[in-house]
Amino acid sequence: MTTLLPFTSYYSKNVLRVGETLLYPDASQLKTWTSADGVTWSSANWVGPYYPIGQVAYFNGYVWWWDTESEPGVLTTLKSADFINWALEANQEAPIDFIWSDMVVVQGGVLRRFNKASTYVKTYSTTNGTAWSSVVDTSLLSASVARIVLYAGSLYAIPPGNSTVYKSVYRSDDGGLTWTQLTSNWGVPTVTLIDCIATSEGLLAVFSDNETWTSADGITWIKKNYTLPTGINVMRNGALISLGSDLFMICCGTSYRNIFKLVTNSGPVGVPL
Amino acid sequence: MRLTLCHPLESRDGTLSADSKMKNMVTESVEGELVAVKRPGITSDVELPPGLAQGLFSLNGLAYAIIDDALFGPLTPGSGGGTSGGSEGWVQI
């Protein structure tokens, strides 16, 4: 008997880890789901009048939602401390239109966003959720990066996997403003990256052929000799997330409602760095 | 017009979308002439780690391999080859 998640997250990055709890703000049902183990979920209905309806992030003790879609150029900010009551924090001029594909990284007290709407990745940041830095153009080609991962104090730009052209891995030591190419070919076969996360085994990436690769430095990547789950699409669309000492792939499969847990002989690998 | 089947195999962009290629064929020199020879096509079912190959055998209808004194299997088409215990990997919960 396997778990079928009680919600459908088409944007699986919306499942957040808050302490030792998984949390999913469910805009389709106007409620927040929580779970301590990924298997058993409970929900609490939101209290209006404000509701988040898209990508969220956990930062500085709050779940935040930023939106420019309802009025381009105007940034609406909601936040919630209890994940049920949502407060309108600000309506202000947007530094740039926020889009669902923005990559969000929380590093210490700074939340950084990386926007791929242009040829080159743009980045900007906030320390309080409402005041944003100027937008900076980076040297990263938008097509060359699928994930930006915080690992061992640096940011790593991970390629999309399914490109025969973009196979480079880059690292930034200044919060994503400048990038250094670590390798021009990470050696992973051309197959779509599902997600990449920092673990106690280093960077860990899962691909649409269900293979798992890890790297301690972003340069040398090693395929793990894991028994693969059956079914070619069972892990598609998912997101890697750690909870306790375990690592999960959540909201995957064609239904977006499957969940996997990584079991290894060498002990947990999900401990975030 | 005569077109040679044994054209130099090159790719201007590293892909197979343009330029000449052979499929299930090899080029051989026969009596001083290059000829195209048919060969059966194969696909990679299982990718195993590099090392000293020490045997591939069948047990109860399942395939196993030994590499560098380590047992791999049972081998599943399309897999990376499970460990002998088959206990490491992603488990649907």
# chains A, B, ... in the order shown; residues from 1 in each chain; ligands from 1
$ interface_residues --of "chain A" --to "chain B" --cutoff "8 Å" --atoms "only C-alpha atoms" --output "list of chain:residue names"
A:Met1, A:Thr2, A:Thr3, A:Val39, A:Glu211, A:Asn225, A:Tyr226, A:Thr227, A:Leu228, A:Pro229, A:Asn258, A:Ile259, A:Phe260, A:Lys261, A:Leu262, A:Val263, A:Thr264, A:Asn265
$ residues_around --residues "Pro40 (chain B)" --least-positions-apart "3" --cutoff "10 Å" --atoms "only C-alpha atoms" --output "tab-separated table (two decimals) with C-alpha atoms, in the first residue's frame"
chain	number	residue	atom	x	y	z
B	23	LYS	CA	22.98	2.26	-38.61
B	24	ASN	CA	23.50	-1.45	-38.03
B	25	MET	CA	26.37	-1.32	-40.53
$ residues_around --residues "Leu5 (chain B)" --least-positions-apart "5" --cutoff "12 Å" --atoms "only C-alpha atoms" --output "PyMOL selection string"
chain B and resi 20-23+25-28+33-38
$ atom_distance --atom1 "CA of Ala152 (chain A)" --atom2 "CA of Tyr62 (chain A)"
24.3 Å
$ residues_around --residues "region 106-117 of chain A" --least-positions-apart "5" --cutoff "7 Å" --atoms "only C-alpha atoms" --output "VMD selection string"
chain A and resid 59 122 to 127 142
$ write_last_selection --atoms "N, CA and C atoms" --output "PDB file, in the first residue's frame"
ATOM      1  N   PHE A  59      10.808  31.703   4.779  1.00  0.00           N
ATOM      2  CA  PHE A  59      11.924  32.624   4.966  1.00  0.00           C
ATOM      3  C   PHE A  59      11.675  33.458   6.210  1.00  0.00           C
ATOM      4  N   LYS A 122      18.800  36.751 -14.368  1.00  0.00           N
ATOM      5  CA  LYS A 122      18.840  37.965 -13.560  1.00  0.00           C
ATOM      6  C   LYS A 122      18.652  37.572 -12.098  1.00  0.00           C
ATOM      7  N   THR A 123      19.285  38.290 -11.197  1.00  0.00           N
ATOM      8  CA  THR A 123      19.136  37.971  -9.781  1.00  0.00           C
ATOM      9  C   THR A 123      18.896  39.222  -8.956  1.00  0.00           C
ATOM     10  N   TYR A 124      18.201  39.038  -7.850  1.00  0.00           N
ATOM     11  CA  TYR A 124      17.911  40.122  -6.910  1.00  0.00           C
ATOM     12  C   TYR A 124      17.578  39.457  -5.587  1.00  0.00           C
ATOM     13  N   SER A 125      17.563  40.218  -4.518  1.00  0.00           N
ATOM     14  CA  SER A 125      17.448  39.576  -3.205  1.00  0.00           C
ATOM     15  C   SER A 125      16.722  40.475  -2.222  1.00  0.00           C
ATOM     16  N   THR A 126      16.354  39.873  -1.089  1.00  0.00           N
ATOM     17  CA  THR A 126      15.721  40.621  -0.011  1.00  0.00           C
ATOM     18  C   THR A 126      16.171  40.040   1.321  1.00  0.00           C
ATOM     19  N   THR A 127      16.203  40.897   2.323  1.00  0.00           N
ATOM     20  CA  THR A 127      16.496  40.414   3.675  1.00  0.00           C
ATOM     21  C   THR A 127      15.279  40.489   4.581  1.00  0.00           C
ATOM     22  N   SER A 142      20.334  31.520 -19.394  1.00  0.00           N
ATOM     23  CA  SER A 142      19.135  30.951 -18.772  1.00  0.00           C
ATOM     24  C   SER A 142      18.913  29.507 -19.193  1.00  0.00           C
TER      25      SER A 142
END
$ closest_residue --among "A:Asn91, A:Ser154, A:Asn162, A:Ser200" --to "Ser242 (chain A)" --atoms "only C-alpha atoms"
A:Ser200
$ residues_around --residues "Ser70 (chain A)" --least-positions-apart "6" --cutoff "12 Å" --atoms "only C-alpha atoms" --output "list of chain:residue names"
A:Pro52, A:Ile53, A:Gly54, A:Thr76, A:Thr77, A:Asn91, A:Asp97, A:Phe98, A:Ile99
$ write_last_selection --atoms "N, CA and C atoms" --output "compact mmCIF listing (two decimals), in the first residue's frame"
# COMPACT_ATOMS: atom_id res chain seq x y z
N PRO A 52 -2.78 33.03 -0.90
CA PRO A 52 -1.70 32.87 -1.89
C PRO A 52 -2.15 31.90 -2.97
N ILE A 53 -1.76 32.15 -4.20
CA ILE A 53 -2.24 31.28 -5.28
C ILE A 53 -1.12 30.77 -6.16
N GLY A 54 0.10 30.82 -5.68
CA GLY A 54 1.19 30.34 -6.53
C GLY A 54 2.41 30.00 -5.70
N THR A 76 2.59 42.29 -5.18
CA THR A 76 1.77 42.03 -4.00
C THR A 76 2.48 41.01 -3.13
N THR A 77 2.58 41.29 -1.85
CA THR A 77 3.29 40.39 -0.93
C THR A 77 2.35 39.97 0.20
N ASN A 91 1.90 46.29 -1.15
CA ASN A 91 1.65 46.46 -2.58
C ASN A 91 2.64 47.53 -3.03
N ASP A 97 9.03 41.52 -12.93
CA ASP A 97 7.87 40.63 -12.82
C ASP A 97 8.30 39.27 -12.29
N PHE A 98 7.64 38.82 -11.24
CA PHE A 98 7.93 37.51 -10.65
C PHE A 98 7.21 36.45 -11.48
N ILE A 99 7.91 35.39 -11.80
CA ILE A 99 7.30 34.33 -12.58
C ILE A 99 7.51 32.99 -11.88
$ atom_distance --atom1 "CA of Asp209 (chain A)" --atom2 "CA of Leu193 (chain A)"
9.1 Å
$ select_by_dssp --residues "region 54-250 of chain A" --states "strand (DSSP E or B)" --output "PyMOL selection string"
chain A and resi 56-59+62-67+74-80+85+87-93+103-107+110-115+120-126+132+136-141+147-151+154-158+169-172+180-183+193-199+202-207+212-215+222-223+227+239-243+246-250
$ closest_residue --among "A:Ala27, A:Leu22, A:Ile241, A:Ala90" --to "Thr8 (chain A)" --atoms "only C-alpha atoms"
A:Ala27
